[in-house]
Amino acid sequence: MDTQAIRFFHRGAVVQAQDLPITTTVLQWLREQARCTGTKEGCAEGDCGACTVVVAELARGAESAADARAVHVGPLRLRPVNACIRYLPTLHGKALLTVEDLQAMAPGQALHPVQQAMVDCHASQCGFCTPGFVMSLYASYARHQGEGSRPTRQQLAHDLAGNLCRCTGYRPILDAAQRMFELPPARLDPEPIAAALRAIAADTPDPFTHAAPNPAFPDPQGRARIDRFFAPRRLATLAALLAEAPAERPPDEAGAGGARKLTLLAGATDIGLWTNKQFRDVGDLLYVGDVAELTGIAHENGGLRIGAAVPLEDAWAALAQAVPALRDMAQRFAGPPVRHAGTLGGNLANGSPIGDGAPALMALDAALVLQRGSAQRRMPLDAFYLGYMRNALRPGEFLHSIEVPLPHAATRVCAEKHSKRYDSDISALSCGLALRLDGARVGHVRIAFGGMAAVVRRAVHAEAALHGQRWSEAAVRAAMDALADDFQPLSDLRASQDHRLRVARNLLWRFWLENRPEAPLAPAQTRVWAGLQESSRIAESGAP
């Protein structure tokens, strides 16, 4: 199989990269090969945002709902991502924008408006996190500039939820975020970039294949093993590559054959940590992010069908639009750079017991469409997880899409996340609830928890305590007691067993308080952050 160098647009020209391990991150390439050291490494796991860059690619097409949350600049779609967990080969056919690119967008000015506003508002102290903040702010700037809108201070805070600062404080940074729209504008010219990307696309076969030595895993003769990166563009190509490759075999003696482990790769928001933190051997990589058929969102049969490679940002936006009760979870699911890189399919297929996607979707009776070759089968999400980090995928099979039935108008839905930080944090536990009354009795109920067992799963005893019963305080308290029969959670660094059980009980109780038939409480009365956000909204609107 022919291999090619990695080609992408950077600093005004197409650049090539080769002979680097396929798990080389964009951050490593920037600092060690390109000598562009503005982008910093803080955590190397996508948490702090110091390494935020913007990746641009050609629009998938006007009909693609999966581009809805990207920043639209002419024919380009821009997304802020974490360079520390983005593998370099995934940039093939794309453009990389970093803090070094901004001043060139503002000819005649000393700095780009984003940078100038940071200076004017004294929004940098040690400066380590500043380039990441600047690039997240640039993405917000370009979005609102294109839309002709001005974000509120709270919207800007959401845009910066994936960036952490430990010395300046967020007030001057948010001041700068508002100030940047008051300065003389600067715009990215998308046409030279788009022309370069079209030329790369025209010269890229399906699949794009890149091979490089990996000295970390030598062959039996001590030579650097040759690893391969595959990026198919069509579903049939992906299916054929996966069907031909076993899940895992030992490395061949020559180190250049195909007898190796093949790892499916989407946004690398988890796999990136396997190599950065655990130094795991992922073998060859099969990247699904360029497969057009996996990146669509469609309304079908009274529900949503979300392609497995749709970015989390777009998938959750579509879910929250269809089911408004999911808006809070959509906002709190990681930070924007992770949501723009990671995929809903990857979040579900990964099977983490603390993943935030599965509980909410399980409560909505979501199903997975699995494919091997050209054959597809449908499986309820609540039957997919077999044990800790184990699922029902067969050899050669992959996740094609997620089908989410939209709840009945009378169904009350809630998605909860409990974590130490409000923004961009790993859950101690998460919960999805859906309940519909038939008259005064519970006619349908789904309760699913993450962080309470080795897998995300439904609380069947708690459901049984509610189903068919009058919707009452007594029934809810019985369901709360039944949670002890459903789960025996572990104690770990995030929460103790007792804390998890107590929070799970309290989440059911809060659901009752907000949905009881008499005198239900408003979210501002039961949720600290809801009250603060309402106060912020009133303050920004100028209402008395």
# chains A, B, ... in the order shown; residues from 1 in each chain; ligands from 1
$ residues_around --residues "A:Gly357" --least-positions-apart "2" --cutoff "8 Å" --atoms "only C-alpha atoms" --output "PyMOL selection string"
chain A and resi 344+347-348+355+359-361
$ select_by_dssp --residues "stretch 347-385 of chain A" --states "strand (DSSP E)" --output "NGL selection string"
:A and (367-372 or 375-380 or 385)
$ residues_around --residues "stretch 461-463 of chain A" --least-positions-apart "2" --cutoff "9 Å" --atoms "only C-alpha atoms" --output "PyMOL selection string"
chain A and resi 444-447+458-459+465-467+476+478-486
$ atom_distance --atom1 "atom CA of A:Arg11" --atom2 "atom CA of A:Leu76"
16.2 Å
$ closest_residue --among "A:Ile354, A:Ala383, A:Ala317, A:Val460" --to "A:Ser419" --atoms "only C-alpha atoms"
A:Ile354
$ select_by_dssp --residues "stretch 56-183 of chain A" --states "alpha helix (DSSP H)" --output "PyMOL selection string"
chain A and resi 113-120+130-147+153-159+170-179
$ write_last_selection --atoms "N, CA and C atoms" --output "CSV table (one decimal), in the first residue's frame"
chain,number,residue,atom,x,y,z
A,113,PRO,N,-6.6,42.1,17.4
A,113,PRO,CA,-7.5,42.6,18.4
A,113,PRO,C,-7.6,41.7,19.7
A,114,VAL,N,-7.5,40.4,19.5
A,114,VAL,CA,-7.6,39.5,20.7
A,114,VAL,C,-6.3,39.8,21.5
A,115,GLN,N,-5.2,39.8,20.9
A,115,GLN,CA,-3.9,40.0,21.7
A,115,GLN,C,-3.9,41.4,22.3
A,116,GLN,N,-4.3,42.4,21.5
A,116,GLN,CA,-4.3,43.8,22.0
A,116,GLN,C,-5.2,44.0,23.2
A,117,ALA,N,-6.4,43.3,23.1
A,117,ALA,CA,-7.3,43.4,24.3
A,117,ALA,C,-6.7,42.8,25.5
A,118,MET,N,-6.0,41.7,25.4
A,118,MET,CA,-5.3,41.1,26.5
A,118,MET,C,-4.3,42.0,27.1
A,119,VAL,N,-3.6,42.8,26.3
A,119,VAL,CA,-2.6,43.8,26.8
A,119,VAL,C,-3.4,44.9,27.5
A,120,ASP,N,-4.4,45.4,26.8
A,120,ASP,CA,-5.1,46.6,27.3
A,120,ASP,C,-5.7,46.3,28.7
A,130,THR,N,-1.6,32.1,28.6
A,130,THR,CA,-2.1,33.1,27.7
A,130,THR,C,-2.3,32.7,26.2
A,131,PRO,N,-1.3,32.0,25.6
A,131,PRO,CA,-1.5,31.7,24.2
A,131,PRO,C,-2.8,30.8,24.0
A,132,GLY,N,-3.0,29.9,25.0
A,132,GLY,CA,-4.2,29.1,24.8
A,132,GLY,C,-5.5,29.9,25.0
A,133,PHE,N,-5.5,30.8,25.9
A,133,PHE,CA,-6.7,31.7,26.1
A,133,PHE,C,-6.9,32.5,24.8
A,134,VAL,N,-5.8,33.0,24.2
A,134,VAL,CA,-5.8,33.8,23.0
A,134,VAL,C,-6.5,33.1,21.9
A,135,MET,N,-6.1,31.8,21.7
A,135,MET,CA,-6.6,31.0,20.6
A,135,MET,C,-8.1,30.7,20.8
A,136,SER,N,-8.5,30.4,22.1
A,136,SER,CA,-9.9,30.1,22.3
A,136,SER,C,-10.7,31.4,22.1
A,137,LEU,N,-10.1,32.6,22.5
A,137,LEU,CA,-10.8,33.8,22.3
A,137,LEU,C,-10.9,34.1,20.8
A,138,TYR,N,-9.8,33.8,20.0
A,138,TYR,CA,-9.8,34.0,18.6
A,138,TYR,C,-11.0,33.2,17.9
A,139,ALA,N,-11.2,32.0,18.4
A,139,ALA,CA,-12.3,31.2,17.8
A,139,ALA,C,-13.6,31.9,18.1
A,140,SER,N,-13.8,32.4,19.3
A,140,SER,CA,-15.0,33.1,19.7
A,140,SER,C,-15.1,34.4,18.9
A,141,TYR,N,-14.0,35.1,18.7
A,141,TYR,CA,-14.0,36.3,17.9
A,141,TYR,C,-14.4,36.1,16.5
A,142,ALA,N,-13.8,35.1,15.9
A,142,ALA,CA,-14.1,34.8,14.5
A,142,ALA,C,-15.6,34.3,14.3
A,143,ARG,N,-16.1,33.6,15.3
A,143,ARG,CA,-17.5,33.1,15.2
A,143,ARG,C,-18.5,34.3,15.2
A,144,HIS,N,-18.3,35.2,16.2
A,144,HIS,CA,-19.3,36.3,16.3
A,144,HIS,C,-19.0,37.4,15.3
A,145,GLN,N,-17.8,37.5,14.8
A,145,GLN,CA,-17.5,38.4,13.7
A,145,GLN,C,-18.2,38.0,12.5
A,146,GLY,N,-18.2,36.7,12.2
A,146,GLY,CA,-18.9,36.1,11.1
A,146,GLY,C,-20.4,36.2,11.2
A,147,GLU,N,-20.9,36.1,12.4
A,147,GLU,CA,-22.4,36.1,12.6
A,147,GLU,C,-22.9,37.6,12.8
A,153,ARG,N,-21.1,38.3,28.4
A,153,ARG,CA,-20.0,37.9,29.3
A,153,ARG,C,-20.1,36.4,29.7
A,154,GLN,N,-21.3,36.0,29.9
A,154,GLN,CA,-21.5,34.6,30.3
A,154,GLN,C,-21.2,33.7,29.1
A,155,GLN,N,-21.6,34.0,27.9
A,155,GLN,CA,-21.3,33.2,26.8
A,155,GLN,C,-19.7,33.2,26.6
A,156,LEU,N,-19.1,34.2,26.8
A,156,LEU,CA,-17.6,34.2,26.7
A,156,LEU,C,-17.0,33.3,27.8
A,157,ALA,N,-17.6,33.3,29.0
A,157,ALA,CA,-17.1,32.4,30.0
A,157,ALA,C,-17.3,31.0,29.6
A,158,HIS,N,-18.4,30.7,28.9
A,158,HIS,CA,-18.6,29.3,28.4
A,158,HIS,C,-17.5,29.0,27.4
A,159,ASP,N,-17.2,29.9,26.5
A,159,ASP,CA,-16.2,29.7,25.5
A,159,ASP,C,-14.8,29.4,26.0
A,170,TYR,N,-9.8,35.3,36.3
A,170,TYR,CA,-10.6,35.3,35.0
A,170,TYR,C,-11.3,36.7,34.7
A,171,ARG,N,-11.4,37.6,35.7
A,171,ARG,CA,-12.1,38.9,35.5
A,171,ARG,C,-11.4,39.7,34.4
A,172,PRO,N,-10.1,39.9,34.4
A,172,PRO,CA,-9.4,40.7,33.4
A,172,PRO,C,-9.5,40.0,32.0
A,173,ILE,N,-9.4,38.6,32.1
A,173,ILE,CA,-9.5,37.9,30.8
A,173,ILE,C,-10.9,38.0,30.2
A,174,LEU,N,-11.9,38.0,31.0
A,174,LEU,CA,-13.3,38.3,30.4
A,174,LEU,C,-13.4,39.7,30.0
A,175,ASP,N,-12.8,40.6,30.7
A,175,ASP,CA,-12.8,42.0,30.3
A,175,ASP,C,-12.1,42.1,28.9
A,176,ALA,N,-11.0,41.4,28.7
A,176,ALA,CA,-10.4,41.4,27.4
A,176,ALA,C,-11.3,40.8,26.3
A,177,ALA,N,-12.0,39.8,26.7
A,177,ALA,CA,-12.9,39.1,25.7
A,177,ALA,C,-13.9,40.1,25.2
A,178,GLN,N,-14.4,40.9,26.1
A,178,GLN,CA,-15.4,41.9,25.6
A,178,GLN,C,-14.7,43.1,24.9
A,179,ARG,N,-13.5,43.4,25.3
A,179,ARG,CA,-12.8,44.5,24.7
A,179,ARG,C,-12.4,44.2,23.3
$ residues_around --residues "stretch 100-111 of chain A" --least-positions-apart "4" --cutoff "8 Å" --atoms "only C-alpha atoms" --output "PDB file with N, CA and C atoms, in the first residue's frame"
ATOM      1  N   ARG A  11       1.425  28.502   8.791  1.00  0.00           N
ATOM      2  CA  ARG A  11       2.211  29.713   8.631  1.00  0.00           C
ATOM      3  C   ARG A  11       2.298  30.140   7.165  1.00  0.00           C
ATOM      4  N   CYS A  36       7.883  26.582  16.778  1.00  0.00           N
ATOM      5  CA  CYS A  36       6.844  27.558  17.126  1.00  0.00           C
ATOM      6  C   CYS A  36       6.485  27.316  18.584  1.00  0.00           C
ATOM      7  N   GLY A  38       5.173  29.324  20.880  1.00  0.00           N
ATOM      8  CA  GLY A  38       4.116  30.074  21.543  1.00  0.00           C
ATOM      9  C   GLY A  38       3.120  29.163  22.225  1.00  0.00           C
ATOM     10  N   GLN A 115      -5.172  39.815  20.913  1.00  0.00           N
ATOM     11  CA  GLN A 115      -3.939  40.027  21.668  1.00  0.00           C
ATOM     12  C   GLN A 115      -3.902  41.425  22.281  1.00  0.00           C
ATOM     13  N   GLN A 116      -4.312  42.427  21.496  1.00  0.00           N
ATOM     14  CA  GLN A 116      -4.286  43.800  21.992  1.00  0.00           C
ATOM     15  C   GLN A 116      -5.210  43.970  23.192  1.00  0.00           C
ATOM     16  N   PRO A 185     -11.314  45.833  13.496  1.00  0.00           N
ATOM     17  CA  PRO A 185     -11.463  44.404  13.210  1.00  0.00           C
ATOM     18  C   PRO A 185     -10.294  43.845  12.400  1.00  0.00           C
ATOM     19  N   ALA A 186     -10.110  42.538  12.525  1.00  0.00           N
ATOM     20  CA  ALA A 186      -9.132  41.794  11.722  1.00  0.00           C
ATOM     21  C   ALA A 186      -9.796  40.511  11.269  1.00  0.00           C
ATOM     22  N   ARG A 187      -9.585  40.163  10.013  1.00  0.00           N
ATOM     23  CA  ARG A 187     -10.264  38.987   9.460  1.00  0.00           C
ATOM     24  C   ARG A 187      -9.256  38.037   8.813  1.00  0.00           C
ATOM     25  N   LEU A 188      -9.552  36.758   8.950  1.00  0.00           N
ATOM     26  CA  LEU A 188      -8.785  35.729   8.262  1.00  0.00           C
ATOM     27  C   LEU A 188      -9.236  35.654   6.808  1.00  0.00           C
ATOM     28  N   ASP A 189      -8.284  35.677   5.866  1.00  0.00           N
ATOM     29  CA  ASP A 189      -8.606  35.460   4.458  1.00  0.00           C
ATOM     30  C   ASP A 189      -8.619  33.954   4.219  1.00  0.00           C
TER      31      ASP A 189
END
$ residues_around --residues "stretch 331-336 of chain A" --least-positions-apart "2" --cutoff "6 Å" --atoms "only C-alpha atoms" --output "list of chain:residue names"
A:Ala161, A:Gly162, A:Asp328, A:Met329, A:Val338, A:Arg339, A:His340, A:Asp423, A:Ser424
$ write_last_selection --atoms "all heavy atoms" --output "compact mmCIF listing (two decimals), in the first residue's frame"
# COMPACT_ATOMS: atom_id res chain seq x y z
N ALA A 161 -14.30 27.85 28.96
CA ALA A 161 -14.42 26.83 30.00
C ALA A 161 -13.33 25.77 29.92
O ALA A 161 -13.08 25.06 30.90
CB ALA A 161 -15.80 26.16 29.94
N GLY A 162 -12.65 25.64 28.77
CA GLY A 162 -11.58 24.66 28.64
C GLY A 162 -10.20 25.24 28.88
O GLY A 162 -9.20 24.57 28.62
N ASP A 328 -27.83 21.83 29.99
CA ASP A 328 -26.81 21.98 31.03
C ASP A 328 -25.71 20.95 30.85
O ASP A 328 -24.52 21.28 30.97
CB ASP A 328 -27.46 21.86 32.41
CG ASP A 328 -26.46 22.12 33.52
OD1 ASP A 328 -25.95 23.25 33.60
OD2 ASP A 328 -26.18 21.18 34.31
N MET A 329 -26.08 19.71 30.55
CA MET A 329 -25.07 18.68 30.33
C MET A 329 -24.23 19.00 29.09
O MET A 329 -23.01 18.80 29.09
CB MET A 329 -25.73 17.31 30.17
CG MET A 329 -24.74 16.17 29.94
SD MET A 329 -23.60 15.89 31.32
CE MET A 329 -24.64 14.92 32.41
N VAL A 338 -12.05 20.14 23.92
CA VAL A 338 -12.29 18.70 23.95
C VAL A 338 -13.57 18.36 23.19
O VAL A 338 -13.62 17.38 22.43
CB VAL A 338 -12.37 18.19 25.41
CG1 VAL A 338 -12.91 16.77 25.47
CG2 VAL A 338 -10.99 18.25 26.05
N ARG A 339 -14.62 19.16 23.36
CA ARG A 339 -15.87 18.88 22.66
C ARG A 339 -15.74 19.03 21.15
O ARG A 339 -16.43 18.34 20.40
CB ARG A 339 -16.98 19.80 23.17
CG ARG A 339 -17.39 19.56 24.62
CD ARG A 339 -18.76 20.15 24.92
NE ARG A 339 -18.84 21.57 24.67
CZ ARG A 339 -18.66 22.52 25.58
NH1 ARG A 339 -18.34 22.18 26.83
NH2 ARG A 339 -18.77 23.79 25.27
N HIS A 340 -14.88 19.92 20.69
CA HIS A 340 -14.70 20.08 19.25
C HIS A 340 -13.84 18.97 18.65
O HIS A 340 -13.89 18.73 17.45
CB HIS A 340 -14.06 21.44 18.95
CG HIS A 340 -15.04 22.56 18.92
ND1 HIS A 340 -15.92 22.76 17.87
CD2 HIS A 340 -15.31 23.55 19.82
CE1 HIS A 340 -16.67 23.83 18.12
NE2 HIS A 340 -16.32 24.32 19.30
N ASP A 423 -17.12 23.45 35.62
CA ASP A 423 -16.75 23.38 34.21
C ASP A 423 -15.61 22.40 34.00
O ASP A 423 -14.71 22.27 34.84
CB ASP A 423 -16.29 24.76 33.71
CG ASP A 423 -17.43 25.73 33.52
OD1 ASP A 423 -18.48 25.31 33.02
OD2 ASP A 423 -17.27 26.92 33.88
N SER A 424 -15.65 21.72 32.86
CA SER A 424 -14.49 20.96 32.36
C SER A 424 -13.87 20.06 33.42
O SER A 424 -12.68 20.14 33.70
CB SER A 424 -13.45 21.93 31.80
OG SER A 424 -12.44 21.25 31.09
$ residues_around --residues "stretch 274-287 of chain A" --least-positions-apart "6" --cutoff "8 Å" --atoms "only C-alpha atoms" --output "list in words"
Ile22, Thr23, Ala44, Glu45, Ile85, Thr90, Phe217, Asp227, Arg228, Phe229, Phe230, Ala231, Pro232, Arg260, Lys261, Leu262, Thr263, Leu264, Leu265 and Ala266 of chain A
$ residues_around --residues "A:Ala367" --least-positions-apart "5" --cutoff "7 Å" --atoms "only C-alpha atoms" --output "list in words"
Arg378, Met379, Pro380, Leu381, Ile402, Glu403 and Val404 of chain A
$ closest_residue --among "A:Leu91, A:Ala409, A:Ala522, A:Ala83" --to "A:Arg436" --atoms "only C-alpha atoms"
A:Ala409
$ closest_residue --among "A:Ala415, A:Ala236, A:Arg305, A:Arg150" --to "A:Glu182" --atoms "only C-alpha atoms"
A:Arg150
$ atom_distance --atom1 "atom CA of A:Ala530" --atom2 "atom CA of A:Leu435"
22.0 Å
$ closest_atom_pairs --of "stretch 380-498 of chain A" --to "stretch 509-512 of chain A" --cutoff "9 Å" --atoms "only C-alpha atoms" --output "tab-separated table"
residue	atom	partner	partner_atom	distance
A:Cys414	CA	A:Phe511	CA	7.6
A:Leu433	CA	A:Phe511	CA	8.4
A:Trp471	CA	A:Trp512	CA	8.8
A:Ser472	CA	A:Trp512	CA	8.3
A:Glu473	CA	A:Trp512	CA	7.4
A:Val476	CA	A:Trp509	CA	7.0
A:Arg477	CA	A:Trp509	CA	7.7
A:Met480	CA	A:Trp509	CA	7.7
$ closest_residue --among "A:Ala453, A:Ile193, A:Cys43, A:Val323" --to "A:Val73" --atoms "only C-alpha atoms"
A:Ile193
$ atom_distance --atom1 "atom CA of A:Thr25" --atom2 "atom CA of A:Ala212"
13.8 Å
